[in-house]
Every structure is written in structure tokens, then in C-alpha cells.
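Peer 1: Sharing protein_19.pdb, PDB, C-alpha atoms and all ligand atoms:
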```
ATOM      1  CA  MET X   1       6.099  29.632   3.164
ATOM      2  CA  THR X   2       7.401  26.664   5.066
ATOM      3  CA  MET X   3       4.817  24.537   6.746
ATOM      4  CA  GLN X   4       5.512  22.383   9.714
ATOM      5  CA  ARG X   5       3.853  19.077   9.194
ATOM      6  CA  ARG X   6       3.677  16.153  11.477
ATOM      7  CA  PHE X   7       2.279  12.729  10.791
ATOM      8  CA  ALA X   8      -0.551  11.924  13.188
ATOM      9  CA  THR X   9      -0.082   8.380  14.446
ATOM     10  CA  GLU X  10      -3.734   8.068  15.327
ATOM     11  CA  ASN X  11      -5.000   4.845  13.652
ATOM     12  CA  TRP X  12      -1.468   4.007  12.484
ATOM     13  CA  ASP X  13       0.354   2.404  15.428
ATOM     14  CA  ASN X  14       2.206   0.181  12.977
ATOM     15  CA  ALA X  15       3.450   2.992  10.726
ATOM     16  CA  LEU X  16       7.198   3.000  10.123
ATOM     17  CA  GLU X  17       9.149   6.259   9.845
ATOM     18  CA  LEU X  18      12.066   6.356   7.401
ATOM     19  CA  GLY X  19      12.980  10.049   7.626
ATOM     20  CA  PRO X  20      10.578  11.950   5.357
ATOM     21  CA  VAL X  21       8.874   8.686   4.346
ATOM     22  CA  THR X  22       6.169   7.158   6.530
ATOM     23  CA  VAL X  23       5.171   3.612   5.656
ATOM     24  CA  LEU X  24       1.444   3.223   6.291
ATOM     25  CA  THR X  25       1.482  -0.498   6.956
ATOM     26  CA  GLY X  26      -1.625  -2.116   5.527
ATOM     27  CA  GLN X  27      -3.833  -4.649   7.240
ATOM     28  CA  ASP X  28      -2.131  -8.088   7.320
ATOM     29  CA  GLN X  29       1.096  -6.291   6.351
ATOM     30  CA  GLY X  30      -0.374  -5.449   2.982
ATOM     31  CA  LYS X  31      -1.789  -8.819   1.969
ATOM     32  CA  TYR X  32      -4.236  -8.403  -0.946
ATOM     33  CA  PRO X  33      -6.789  -6.773  -1.058
ATOM     34  CA  HIS X  34      -4.828  -4.504   1.316
ATOM     35  CA  GLY X  35      -1.423  -2.947   0.671
ATOM     36  CA  ASN X  36       1.313  -0.741   2.104
ATOM     37  CA  SER X  37       1.044   2.928   1.198
ATOM     38  CA  ILE X  38       3.659   5.579   1.907
ATOM     39  CA  LEU X  39       3.393   9.231   2.818
ATOM     40  CA  VAL X  40       6.286  11.438   1.672
ATOM     41  CA  THR X  41       6.489  14.750   3.495
ATOM     42  CA  GLY X  42       8.516  17.742   2.356
ATOM     43  CA  GLU X  43       8.577  21.351   3.530
ATOM     44  CA  ASN X  44       5.998  22.429   0.965
ATOM     45  CA  GLU X  45       3.958  19.372   0.221
ATOM     46  CA  ALA X  46       2.917  15.920   1.414
ATOM     47  CA  ILE X  47       2.284  13.192  -1.144
ATOM     48  CA  LEU X  48       0.418   9.965  -0.473
ATOM     49  CA  VAL X  49       1.577   7.065  -2.646
ATOM     50  CA  ASP X  50      -0.799   4.205  -3.554
ATOM     51  CA  PRO X  51      -3.650   4.852  -1.090
ATOM     52  CA  SER X  52      -4.641   1.339  -0.072
ATOM     53  CA  LEU X  53      -7.842  -0.249   1.143
ATOM     54  CA  THR X  54      -6.447   0.112   4.662
ATOM     55  CA  VAL X  55      -6.172   3.876   4.094
ATOM     56  CA  ALA X  56      -9.773   3.843   2.835
ATOM     57  CA  ASP X  57     -10.896   1.916   5.939
ATOM     58  CA  ARG X  58      -9.004   3.993   8.510
ATOM     59  CA  GLY X  59      -9.404   7.399   6.923
ATOM     60  CA  ILE X  60      -6.870  10.173   6.412
ATOM     61  CA  SER X  61      -5.711  11.705   9.698
ATOM     62  CA  PHE X  62      -2.829  13.654   8.118
ATOM     63  CA  ASP X  63      -2.214  16.331   5.485
ATOM     64  CA  VAL X  64      -2.144  15.200   1.863
ATOM     65  CA  ASP X  65      -1.652  17.605  -1.057
ATOM     66  CA  ARG X  66      -1.408  15.151  -3.923
ATOM     67  CA  ILE X  67      -1.706  11.426  -4.614
ATOM     68  CA  LEU X  68       0.925   9.537  -6.578
ATOM     69  CA  LEU X  69       0.342   6.068  -8.048
ATOM     70  CA  SER X  70       2.925   3.379  -8.831
ATOM     71  CA  HIS X  71       0.340   2.084 -11.319
ATOM     72  CA  VAL X  72      -3.402   2.005 -11.769
ATOM     73  CA  HIS X  73      -4.880  -1.182 -10.295
ATOM     74  CA  GLU X  74      -7.932  -1.615  -8.093
ATOM     75  CA  ASP X  75      -6.014  -2.254  -4.860
ATOM     76  CA  HIS X  76      -3.729   0.806  -5.236
ATOM     77  CA  ILE X  77      -6.499   3.403  -5.421
ATOM     78  CA  PRO X  78      -9.305   2.753  -2.880
ATOM     79  CA  GLY X  79      -7.981   5.397  -0.446
ATOM     80  CA  MET X  80      -8.590   8.011  -3.157
ATOM     81  CA  SER X  81     -12.263   7.800  -2.175
ATOM     82  CA  ARG X  82     -11.269   9.646   1.031
ATOM     83  CA  LEU X  83      -9.701  12.498  -0.973
ATOM     84  CA  PRO X  84     -11.953  12.889  -4.019
ATOM     85  CA  ASP X  85     -10.851  16.412  -4.934
ATOM     86  CA  ILE X  86      -7.102  16.001  -4.644
ATOM     87  CA  PRO X  87      -4.833  15.965  -7.740
ATOM     88  CA  VAL X  88      -3.596  12.511  -8.770
ATOM     89  CA  LEU X  89      -0.384  11.706 -10.627
ATOM     90  CA  CYS X  90       0.435   8.539 -12.537
ATOM     91  CA  HIS X  91       2.533   7.450 -15.508
ATOM     92  CA  GLU X  92       0.993   8.449 -18.836
ATOM     93  CA  GLU X  93       0.616   4.815 -19.947
ATOM     94  CA  ASP X  94      -1.694   3.950 -17.028
ATOM     95  CA  ALA X  95      -3.811   7.123 -17.005
ATOM     96  CA  ILE X  96      -6.567   5.398 -18.988
ATOM     97  CA  GLY X  97      -7.395   3.426 -15.820
ATOM     98  CA  LEU X  98      -8.343   6.631 -13.996
ATOM     99  CA  THR X  99     -10.610   8.015 -16.712
ATOM    100  CA  SER X 100     -13.362   5.391 -16.542
ATOM    101  CA  LEU X 101     -14.165   1.892 -15.344
ATOM    102  CA  ASP X 102     -14.092   0.760 -18.987
ATOM    103  CA  GLY X 103     -10.596   2.218 -19.263
ATOM    104  CA  LEU X 104      -9.472   0.331 -16.160
ATOM    105  CA  MET X 105     -11.039  -2.905 -17.409
ATOM    106  CA  SER X 106      -9.196  -2.600 -20.729
ATOM    107  CA  MET X 107      -5.928  -2.786 -18.778
ATOM    108  CA  TYR X 108      -6.834  -6.216 -17.356
ATOM    109  CA  GLY X 109      -8.330  -7.745 -20.499
ATOM    110  CA  LEU X 110     -10.449 -10.290 -18.636
ATOM    111  CA  PRO X 111     -12.871 -12.709 -20.293
ATOM    112  CA  GLU X 112     -16.421 -11.378 -20.235
ATOM    113  CA  GLU X 113     -17.775 -13.821 -17.644
ATOM    114  CA  ILE X 114     -15.090 -12.857 -15.104
ATOM    115  CA  GLU X 115     -15.077  -9.167 -15.951
ATOM    116  CA  GLU X 116     -18.729  -8.708 -15.106
ATOM    117  CA  GLU X 117     -18.247  -9.832 -11.498
ATOM    118  CA  PHE X 118     -14.904  -8.040 -11.155
ATOM    119  CA  ARG X 119     -16.465  -4.728 -12.257
ATOM    120  CA  LYS X 120     -18.872  -4.965  -9.322
ATOM    121  CA  GLU X 121     -16.019  -5.698  -6.905
ATOM    122  CA  VAL X 122     -13.972  -2.759  -8.166
ATOM    123  CA  LEU X 123     -16.934  -0.431  -7.626
ATOM    124  CA  GLU X 124     -18.216  -1.840  -4.337
ATOM    125  CA  ASP X 125     -15.143  -3.198  -2.532
ATOM    126  CA  PHE X 126     -12.511  -0.780  -3.904
ATOM    127  CA  SER X 127     -14.736   2.330  -4.213
ATOM    128  CA  TYR X 128     -13.664   3.021  -7.801
ATOM    129  CA  ALA X 129     -14.622   6.405  -9.220
ATOM    130  CA  PRO X 130     -13.115   8.200 -12.239
ATOM    131  CA  SER X 131     -10.624  10.890 -11.180
ATOM    132  CA  LYS X 132     -11.237  14.535 -11.962
ATOM    133  CA  GLN X 133      -7.709  15.892 -11.674
ATOM    134  CA  VAL X 134      -5.165  13.563 -13.263
ATOM    135  CA  SER X 135      -1.691  14.620 -14.342
ATOM    136  CA  THR X 136       0.864  12.289 -15.846
ATOM    137  CA  PHE X 137       4.619  11.851 -15.796
ATOM    138  CA  THR X 138       7.185   9.788 -17.676
ATOM    139  CA  ASP X 139      10.445   8.075 -16.777
ATOM    140  CA  GLY X 140      12.997  10.266 -15.030
ATOM    141  CA  ALA X 141      10.543  12.859 -13.719
ATOM    142  CA  THR X 142      11.318  14.385 -10.331
ATOM    143  CA  ILE X 143       8.636  15.620  -7.975
ATOM    144  CA  HIS X 144       9.882  18.343  -5.628
ATOM    145  CA  LEU X 145       8.253  18.491  -2.210
ATOM    146  CA  GLY X 146      10.581  21.014  -0.612
ATOM    147  CA  GLY X 147      13.834  19.545   0.676
ATOM    148  CA  VAL X 148      12.611  16.089  -0.354
ATOM    149  CA  ASN X 149      12.298  14.668  -3.867
ATOM    150  CA  ILE X 150      10.547  11.715  -5.454
ATOM    151  CA  GLU X 151      12.351  10.380  -8.522
ATOM    152  CA  VAL X 152      10.296   8.370 -11.027
ATOM    153  CA  ILE X 153      11.804   5.138 -12.354
ATOM    154  CA  HIS X 154       9.620   3.611 -15.087
ATOM    155  CA  THR X 155       9.443  -0.142 -14.436
ATOM    156  CA  PRO X 156       6.848  -1.507 -16.906
ATOM    157  CA  GLY X 157       5.805  -5.146 -17.116
ATOM    158  CA  HIS X 158       3.163  -5.548 -14.430
ATOM    159  CA  THR X 159       1.372  -2.719 -16.240
ATOM    160  CA  ARG X 160       2.688  -0.496 -19.034
ATOM    161  CA  GLY X 161       2.925   2.476 -16.723
ATOM    162  CA  HIS X 162       4.212   0.784 -13.561
ATOM    163  CA  CYS X 163       6.855   2.904 -11.820
ATOM    164  CA  ALA X 164       9.120   2.645  -8.807
ATOM    165  CA  PHE X 165       9.830   5.787  -6.793
ATOM    166  CA  LEU X 166      13.141   6.716  -5.225
ATOM    167  CA  ILE X 167      13.214   9.141  -2.314
ATOM    168  CA  PRO X 168      16.972   9.829  -2.011
ATOM    169  CA  GLU X 169      16.616  11.853   1.209
ATOM    170  CA  ALA X 170      15.144   8.758   2.903
ATOM    171  CA  ARG X 171      17.456   6.294   1.097
ATOM    172  CA  THR X 172      14.159   4.580   0.308
ATOM    173  CA  ALA X 173      12.679   3.089  -2.858
ATOM    174  CA  TYR X 174       8.995   2.271  -3.276
ATOM    175  CA  LEU X 175       8.531  -0.727  -5.568
ATOM    176  CA  GLY X 176       4.753  -0.995  -5.931
ATOM    177  CA  ASP X 177       3.866  -4.458  -7.258
ATOM    178  CA  ILE X 178       7.435  -5.575  -7.803
ATOM    179  CA  GLU X 179       6.546  -7.298  -4.580
ATOM    180  CA  LEU X 180       9.509  -9.673  -4.050
ATOM    181  CA  SER X 181       7.178 -12.504  -3.023
ATOM    182  CA  GLY X 182       7.553 -16.223  -3.662
ATOM    183  CA  PHE X 183       4.682 -15.968  -6.170
ATOM    184  CA  GLY X 184       6.996 -14.057  -8.499
ATOM    185  CA  PRO X 185       6.179 -11.368 -11.060
ATOM    186  CA  TYR X 186       2.572 -10.922 -12.193
ATOM    187  CA  TYR X 187       2.593 -10.306 -15.957
ATOM    188  CA  PHE X 188      -0.683 -11.824 -17.130
ATOM    189  CA  ASP X 189      -2.881  -8.818 -17.962
ATOM    190  CA  ALA X 190      -3.554  -7.129 -21.294
ATOM    191  CA  TRP X 191      -1.405  -4.237 -19.991
ATOM    192  CA  SER X 192       1.445  -6.571 -18.936
ATOM    193  CA  SER X 193       4.637  -7.693 -20.656
ATOM    194  CA  LEU X 194       6.986 -10.461 -19.559
ATOM    195  CA  GLU X 195       9.956  -8.975 -21.426
ATOM    196  CA  SER X 196       9.350  -5.516 -19.979
ATOM    197  CA  PHE X 197       9.089  -7.019 -16.494
ATOM    198  CA  GLU X 198      12.431  -8.770 -16.914
ATOM    199  CA  ASN X 199      14.028  -5.492 -18.049
ATOM    200  CA  SER X 200      12.492  -3.715 -15.083
ATOM    201  CA  LEU X 201      13.996  -6.257 -12.673
ATOM    202  CA  GLN X 202      17.401  -5.296 -14.083
ATOM    203  CA  VAL X 203      16.576  -1.631 -13.610
ATOM    204  CA  CYS X 204      15.528  -2.263  -9.988
ATOM    205  CA  GLY X 205      18.849  -3.974  -9.339
ATOM    206  CA  GLU X 206      20.553  -0.626 -10.039
ATOM    207  CA  ILE X 207      18.516   1.390  -7.533
ATOM    208  CA  ASP X 208      20.745   2.967  -4.922
ATOM    209  CA  ALA X 209      18.802   2.832  -1.637
ATOM    210  CA  ASP X 210      18.903   1.184   1.789
ATOM    211  CA  HIS X 211      15.181   0.524   2.236
ATOM    212  CA  PHE X 212      12.836  -1.047  -0.306
ATOM    213  CA  VAL X 213       9.100  -0.885   0.291
ATOM    214  CA  THR X 214       6.710  -3.273  -1.458
ATOM    215  CA  PHE X 215       2.958  -2.790  -1.673
ATOM    216  CA  HIS X 216       2.182  -6.397  -0.695
ATOM    217  CA  HIS X 217       3.739  -9.206   1.289
ATOM    218  CA  LYS X 218       7.325  -8.204   2.015
ATOM    219  CA  TRP X 219       6.554  -4.694   3.369
ATOM    220  CA  VAL X 220       9.986  -3.095   4.056
ATOM    221  CA  VAL X 221      13.247  -4.787   3.065
ATOM    222  CA  SER X 222      16.274  -3.101   4.625
ATOM    223  CA  GLY X 223      19.809  -3.590   3.330
ATOM    224  CA  ARG X 224      20.686  -3.541  -0.354
ATOM    225  CA  ASP X 225      22.276  -7.034  -0.354
ATOM    226  CA  GLN X 226      19.151  -8.541   1.163
ATOM    227  CA  PHE X 227      17.077  -6.718  -1.447
ATOM    228  CA  LEU X 228      19.237  -7.959  -4.333
ATOM    229  CA  ASN X 229      18.923 -11.561  -3.101
ATOM    230  CA  MET X 230      15.160 -11.240  -2.886
ATOM    231  CA  LEU X 231      14.985  -9.556  -6.302
ATOM    232  CA  ARG X 232      16.952 -12.431  -7.838
ATOM    233  CA  ASP X 233      14.710 -15.064  -6.194
ATOM    234  CA  PHE X 234      11.627 -13.136  -7.320
ATOM    235  CA  GLY X 235      12.833 -13.091 -10.946
ATOM    236  CA  SER X 236      13.897 -16.748 -10.854
ATOM    237  CA  VAL X 237      10.234 -17.770 -10.601
ATOM    238  CA  ILE X 238      10.024 -17.029 -14.347
ATOM    239  CA  THR X 239      12.948 -19.327 -15.196
ATOM    240  CA  LYS X 240      11.615 -22.102 -12.967
ATOM    241  CA  ARG X 241       8.207 -21.823 -14.615
ATOM    242  CA  GLU X 242       9.727 -22.262 -18.075
ATOM    243  CA  LEU X 243      11.850 -25.230 -16.973
ATOM    244  CA  ALA X 244       8.788 -26.888 -15.438
ATOM    245  CA  MET X 245       6.827 -26.307 -18.642
ATOM    246  CA  LEU X 246       9.614 -27.756 -20.782
ATOM    247  CA  ALA X 247       9.746 -30.892 -18.584
ATOM    248  CA  PHE X 248       5.964 -31.279 -18.856
ATOM    249  CA  MET X 249       6.166 -30.765 -22.611
ATOM    250  CA  SER X 250       8.697 -33.527 -23.247
ATOM    251  CA  GLU X 251       5.586 -35.120 -24.760
ATOM    252  CA  PRO X 252       3.337 -33.021 -27.018
ATOM    253  CA  LYS X 253       0.912 -30.874 -25.004
ATOM    254  CA  SER X 254      -1.822 -28.390 -25.900
ATOM    255  CA  LEU X 255      -2.260 -24.897 -24.472
ATOM    256  CA  GLU X 256      -5.246 -26.144 -22.463
ATOM    257  CA  GLU X 257      -3.257 -29.046 -20.995
ATOM    258  CA  CYS X 258      -0.565 -26.602 -19.911
ATOM    259  CA  ALA X 259      -3.157 -24.306 -18.349
ATOM    260  CA  LEU X 260      -4.744 -27.199 -16.434
ATOM    261  CA  GLN X 261      -1.342 -28.387 -15.208
ATOM    262  CA  ARG X 262      -0.925 -25.004 -13.409
ATOM    263  CA  PHE X 263       2.472 -23.374 -13.645
ATOM    264  CA  VAL X 264       1.371 -20.247 -11.751
ATOM    265  CA  TYR X 265      -0.999 -21.164  -8.912
ATOM    266  CA  ARG X 266      -0.837 -23.973  -6.399
ATOM    267  CA  PRO X 267      -3.565 -26.624  -6.734
ATOM    268  CA  ALA X 268      -5.400 -25.384  -3.617
ATOM    269  CA  VAL X 269      -5.969 -21.883  -5.033
ATOM    270  CA  ALA X 270      -9.548 -21.574  -6.277
ATOM    271  CA  THR X 271     -10.277 -18.020  -7.431
ATOM    272  CA  LYS X 272     -12.276 -17.105 -10.499
ATOM    273  CA  PHE X 273      -9.072 -15.835 -12.119
ATOM    274  CA  VAL X 274      -7.069 -19.073 -12.012
ATOM    275  CA  HIS X 275      -7.929 -20.581 -15.369
ATOM    276  CA  HIS X 276      -7.665 -17.263 -17.204
ATOM    277  CA  VAL X 277      -4.253 -16.508 -15.686
ATOM    278  CA  GLU X 278      -2.929 -20.031 -16.260
ATOM    279  CA  THR X 279      -4.037 -19.824 -19.912
ATOM    280  CA  ARG X 280      -2.435 -16.392 -20.389
ATOM    281  CA  SER X 281       0.784 -17.554 -18.757
ATOM    282  CA  ALA X 282       0.944 -20.743 -20.823
ATOM    283  CA  GLN X 283       0.336 -18.738 -24.023
ATOM    284  CA  ILE X 284       3.005 -16.154 -23.179
ATOM    285  CA  HIS X 285       5.639 -18.807 -22.454
ATOM    286  CA  ILE X 286       4.685 -21.081 -25.362
ATOM    287  CA  ASP X 287       4.989 -18.095 -27.740
ATOM    288  CA  ARG X 288       8.374 -17.160 -26.326
ATOM    289  CA  MET X 289       9.754 -20.693 -26.328
ATOM    290  CA  LEU X 290       8.517 -21.296 -29.893
ATOM    291  CA  ALA X 291      10.253 -18.114 -30.990
ATOM    292  CA  ASP X 292      13.602 -19.057 -29.423
ATOM    293  CA  GLY X 293      13.465 -22.717 -30.464
ATOM    294  CA  ARG X 294      12.947 -24.353 -27.079
ATOM    295  CA  LEU X 295       9.573 -25.636 -28.320
ATOM    296  CA  ILE X 296       8.308 -26.821 -31.691
ATOM    297  CA  GLN X 297       4.751 -27.064 -32.892
ATOM    298  CA  VAL X 298       3.961 -30.738 -33.648
ATOM    299  CA  THR X 299       0.261 -30.531 -34.586
ATOM    300  CA  GLU X 300      -2.179 -27.674 -35.068
ATOM    301  CA  SER X 301      -2.759 -27.533 -31.324
ATOM    302  CA  SER X 302       0.188 -29.242 -29.642
ATOM    303  CA  PHE X 303       3.738 -28.270 -28.793
ATOM    304  CA  GLN X 304       6.788 -30.189 -27.634
ATOM    305  CA  ALA X 305      10.144 -29.393 -26.079
ATOM    306  CA  THR X 306      13.107 -29.713 -28.460
TER     307      THR X 306
HETATM  308 ZN    ZN R   1      -1.011  -4.221  -9.533
END
```
Turn the structure described in the file into C-alpha cells.
Peer 2:
Amino acid sequence: MTMQRRFATENWDNALELGPVTVLTGQDQGKYPHGNSILVTGENEAILVDPSLTVADRGISFDVDRILLSHVHEDHIPGMSRLPDIPVLCHEEDAIGLTSLDGLMSMYGLPEEIEEEFRKEVLEDFSYAPSKQVSTFTDGATIHLGGVNIEVIHTPGHTRGHCAFLIPEARTAYLGDIELSGFGPYYFDAWSSLESFENSLQVCGEIDADHFVTFHHKWVVSGRDQFLNMLRDFGSVITKRELAMLAFMSEPKSLEECALQRFVYRPAVATKFVHHVETRSAQIHIDRMLADGRLIQVTESSFQAT
């Protein structure tokens, strides 16, 4: 049976149609805690990708058969509360985040004093509930919607199971939290890996599409050259961070001094996560630069550029 489906624009004046892909532009163009979801519609099935807080706020005024997640993080799942009985798909490495709140928290690896407050936020502000019908996929899977396909490209680093999705019929790639922003890659959680993220940036550079949709900030980037420039700038944040750390560490510095110097956030940012993230980042880069000889350990707790 072939169903005729049409996206209802009610509540979504700012949606963007890219053939079978509809970009459900989030509040503030997807600025956290919001995000940009997409709806992919084939002849047999419609799949909602990363149902955002904006989707949760506005409700679902269109057909959805399944939900697909680029990864399991609090801001990518709140719209699931509007479709509690619908099957959900995610990469096998992130499925733990859908089984329980404890599972999700293990992916972040936050210090106890921050985690307690964040748990409440995830429940109250992001409507977290364990999912009943989860199926998983791995790299290279293809989801057939009838005349339209979603191809899974595993792009770990932000989380272990983070994936990009290519919809060839729309010449569109969905990049999730490979967000192309000036902030650069976020690789500071227990489930993150800097090296995997760098590999994934290479993988993204090979994606053959004309439109690139990010969950936050940049929304839709059209034109592959423009995308490649933005991808390069996004990745260069990592190199700049290491160069800035090496300059700072021309004199011996401790992990704590590096964290307080802030190589991730601007001085004006004052969230409860700042010190934890700065410490994680400093540790990740100190470990890497010790291993490749750019730093040496000079005392039990201090390190210096070579
Ligand atoms: Zn995320």
C-alpha cells in the first residue's frame, strides 16, 4: 500500500522542505536547549529524527512511524514524550541512554554534585522517560522508507554511538551534534573521545550531499564547499586549543591551573558545568601531549611544554 502523506505546516511556519526531508527548525534556530529536528517521509513510512524540545513544546501535527536518534543526549529526545509508544532507533553504543536515567547519566560521567541537579533537569525540563521499544543499528545500515532511504554513517566522538544520516534522495546529510559552530567539537563526556571525533570529522568531509543540517546553531548549510570550510574551521578549534595550552605551559602548570585558565569557555560563561568540562578538557589534552612529547612532566603535579 502506498500512503500519501503531507507535512502539516501548522505550528511550523519556519520549516524548510528539502524534497523528502523537512527541517523542523527549532526555537532560536536550534540554540540549546532547543534543536533542529528533521522529518524524512517516504512512500511507506515517516521517520522523525532527533525530536527536539521545540517538537515537545509544539506537539506532533504530522504522521510519524518511527523515531531515529543521531545520539542519546537530553536535548535530542524530549519530543519522544509526545510519541511514547513509537519505536525508537539508535546506534547500539548509545542504547544504554534509553534504558534508564542511570544509563543516560553514565554516558555523561558528571561529578556527583552536578549530576544530582542535572538529573532533575533531564526529568523535568526534557521529559526523560525510559523507552519501551528500542532497536539498534550499526555503521552502514540503511533504513528504507519507500522510495527514500536513510544511510547511517557512524561518527563517534561526541558520544560513542553518534551517527550522521545521509538521505541521498534529498542530497541532504543530518549531522546531529557535529554542529559546525565556533565553539568547536564537544568531546568532554565519559562517552566521548577526542581521537574518534577527529576521525569522524574526516569521515564527514567525504559525505556527498548538497545540504548539511546541524542540530544546533548553524541549522542548514547549503553547498558542499561552504560545508567543507565550516567543517575545517570547526575542527581547527582543537588545534588552537592545544597551541594556546602549550603557550600557557611554557612555564610549569598544574591540571587545575589549566582548568582555571579556561581553554574551552569564555570567561563570561557561568554554568555549573564549566569547571568540570575545563578539567576534563585539560586532562584529555595534557594526556595526549605527554604521549606525543609536546609536554613533559616536571613535578608530580606540573607539566611543561618541550
Ligand atoms: Zn549531544
Peer 1: Please determine, counting all atoms listed in the file, which residue among X:Pro111, X:Gly147, X:Gly176, X:Pro156 has the shortest atom-to-atom distance to X:Glu195.
Peer 2: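 Between X:Pro111, X:Gly147, X:Gly176, X:Pro156, the residue approaching X:Glu195 most closely is X:Pro156.
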Peer 1: Quick one: residues within 7 Å of ligand ZN 1 (chain R), with only C-alpha atoms and all ligand atoms, as a ChimeraX atom specification?
Peer 2: /X:71,73,158,177
Peer 1: Please measure the separation of atom CA of X:Pro84 and atom CA of X:Met105, giving the value in Å to one decimal.
Peer 2: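 Interatomic distance, atom CA of X:Pro84 to atom CA of X:Met105: 20.7 Å.
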Peer 1: Kindly provide the residues of stretch 34-81 of chain X that approach stretch 210-230 of chain X to within 8 Å, each paired with its closest atom pair and their distance in Å to one decimal, based on only C-alpha atoms, listed by chain and increasing number, as a Markdown table.
Peer 2:
```
| residue | atom | partner | partner_atom | distance |
| --- | --- | --- | --- | --- |
| X:His34 | CA | X:His216 | CA | 7.5 |
| X:Gly35 | CA | X:Phe215 | CA | 5.0 |
| X:Asn36 | CA | X:Phe215 | CA | 4.6 |
| X:Ser37 | CA | X:Phe215 | CA | 6.7 |
```
Peer 1: Residues picked by the PyMOL selection byres (((chain X and resi 243-250) around 12) and not hetatm) here, as an MDAnalysis selection string?
Peer 2: chainID X and resid 236:242 251:255 257:264 278 281:286 289:290 293:298 302:306
Peer 1: Work out where the centre of an axis-aligned box around every listed atom of stretch 197-216 of chain X lies and how long its edges are once 4 Å is added on each side; give both in Å to one decimal as JSON.
Peer 2:
```
{"center_x": 11.5, "center_y": -2.9, "center_z": -7.9, "size_x": 26.6, "size_y": 19.7, "size_z": 28.3}
```
Peer 1: For the structure provided, state which residues fall under the PyMOL selection byres (((chain X and resi 20) around 8) and not hetatm), and present them as an MDAnalysis selection string.
Peer 2: chainID X and resid 17:19 21:22 40:42 148 169:170
Peer 1: When you look at X:Phe165 with a cut-off of 10 Å (counting all atoms listed in the file), what residues show up, excluding the ones that are within fewer than 3 positions of it in the same chain? I need them as a PyMOL selection string.
Peer 2: chain X and resi 49+68-70+140-143+149-155+168+172-176+207+212-213
Peer 1: Residues as selected, C-alpha atoms, written as a short mmCIF file (atom, residue, chain, number, x, y, z; two decimals), keeping the file's coordinate frame, can you do that?
Peer 2:
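Listing of out_20.cif after writing:
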```
data_model
loop_
_atom_site.label_atom_id
_atom_site.label_comp_id
_atom_site.auth_asym_id
_atom_site.auth_seq_id
_atom_site.Cartn_x
_atom_site.Cartn_y
_atom_site.Cartn_z
CA VAL X 49 1.58 7.06 -2.65
CA LEU X 68 0.92 9.54 -6.58
CA LEU X 69 0.34 6.07 -8.05
CA SER X 70 2.92 3.38 -8.83
CA GLY X 140 13.00 10.27 -15.03
CA ALA X 141 10.54 12.86 -13.72
CA THR X 142 11.32 14.38 -10.33
CA ILE X 143 8.64 15.62 -7.98
CA ASN X 149 12.30 14.67 -3.87
CA ILE X 150 10.55 11.72 -5.45
CA GLU X 151 12.35 10.38 -8.52
CA VAL X 152 10.30 8.37 -11.03
CA ILE X 153 11.80 5.14 -12.35
CA HIS X 154 9.62 3.61 -15.09
CA THR X 155 9.44 -0.14 -14.44
CA PRO X 168 16.97 9.83 -2.01
CA THR X 172 14.16 4.58 0.31
CA ALA X 173 12.68 3.09 -2.86
CA TYR X 174 8.99 2.27 -3.28
CA LEU X 175 8.53 -0.73 -5.57
CA GLY X 176 4.75 -1.00 -5.93
CA ILE X 207 18.52 1.39 -7.53
CA PHE X 212 12.84 -1.05 -0.31
CA VAL X 213 9.10 -0.88 0.29
#
```
Peer 1: Once N, CA, C and O atoms are restored for stretch 35-46 of chain X, what would the output be as a compact mmCIF listing (two decimals), keeping the file's coordinate frame?
Peer 2:
```txt
# COMPACT_ATOMS: atom_id res chain seq x y z
N GLY X 35 -2.74 -3.25 1.20
CA GLY X 35 -1.42 -2.95 0.67
C GLY X 35 -0.75 -1.91 1.56
O GLY X 35 -1.40 -1.32 2.43
N ASN X 36 0.54 -1.71 1.33
CA ASN X 36 1.31 -0.74 2.10
C ASN X 36 1.48 0.55 1.31
O ASN X 36 2.10 0.56 0.26
N SER X 37 0.91 1.61 1.83
CA SER X 37 1.04 2.93 1.20
C SER X 37 2.23 3.64 1.84
O SER X 37 2.70 3.23 2.90
N ILE X 38 2.69 4.72 1.21
CA ILE X 38 3.66 5.58 1.91
C ILE X 38 3.21 7.03 1.80
O ILE X 38 2.51 7.42 0.85
N LEU X 39 3.61 7.79 2.81
CA LEU X 39 3.39 9.23 2.82
C LEU X 39 4.78 9.88 2.78
O LEU X 39 5.64 9.54 3.60
N VAL X 40 4.99 10.75 1.79
CA VAL X 40 6.29 11.44 1.67
C VAL X 40 6.05 12.91 1.99
O VAL X 40 5.23 13.57 1.34
N THR X 41 6.76 13.40 3.00
CA THR X 41 6.49 14.75 3.50
C THR X 41 7.69 15.66 3.30
O THR X 41 8.78 15.38 3.82
N GLY X 42 7.48 16.73 2.52
CA GLY X 42 8.52 17.74 2.36
C GLY X 42 8.10 19.02 3.07
O GLY X 42 7.08 19.06 3.76
N GLU X 43 8.89 20.08 2.86
CA GLU X 43 8.58 21.35 3.53
C GLU X 43 7.35 22.02 2.92
O GLU X 43 6.64 22.78 3.58
N ASN X 44 7.10 21.74 1.64
CA ASN X 44 6.00 22.43 0.96
C ASN X 44 4.80 21.55 0.67
O ASN X 44 3.72 22.07 0.36
N GLU X 45 5.01 20.25 0.73
CA GLU X 45 3.96 19.37 0.22
C GLU X 45 4.08 17.98 0.82
O GLU X 45 5.19 17.52 1.11
N ALA X 46 2.95 17.33 0.99
CA ALA X 46 2.92 15.92 1.41
C ALA X 46 2.21 15.11 0.35
O ALA X 46 1.12 15.48 -0.11
```
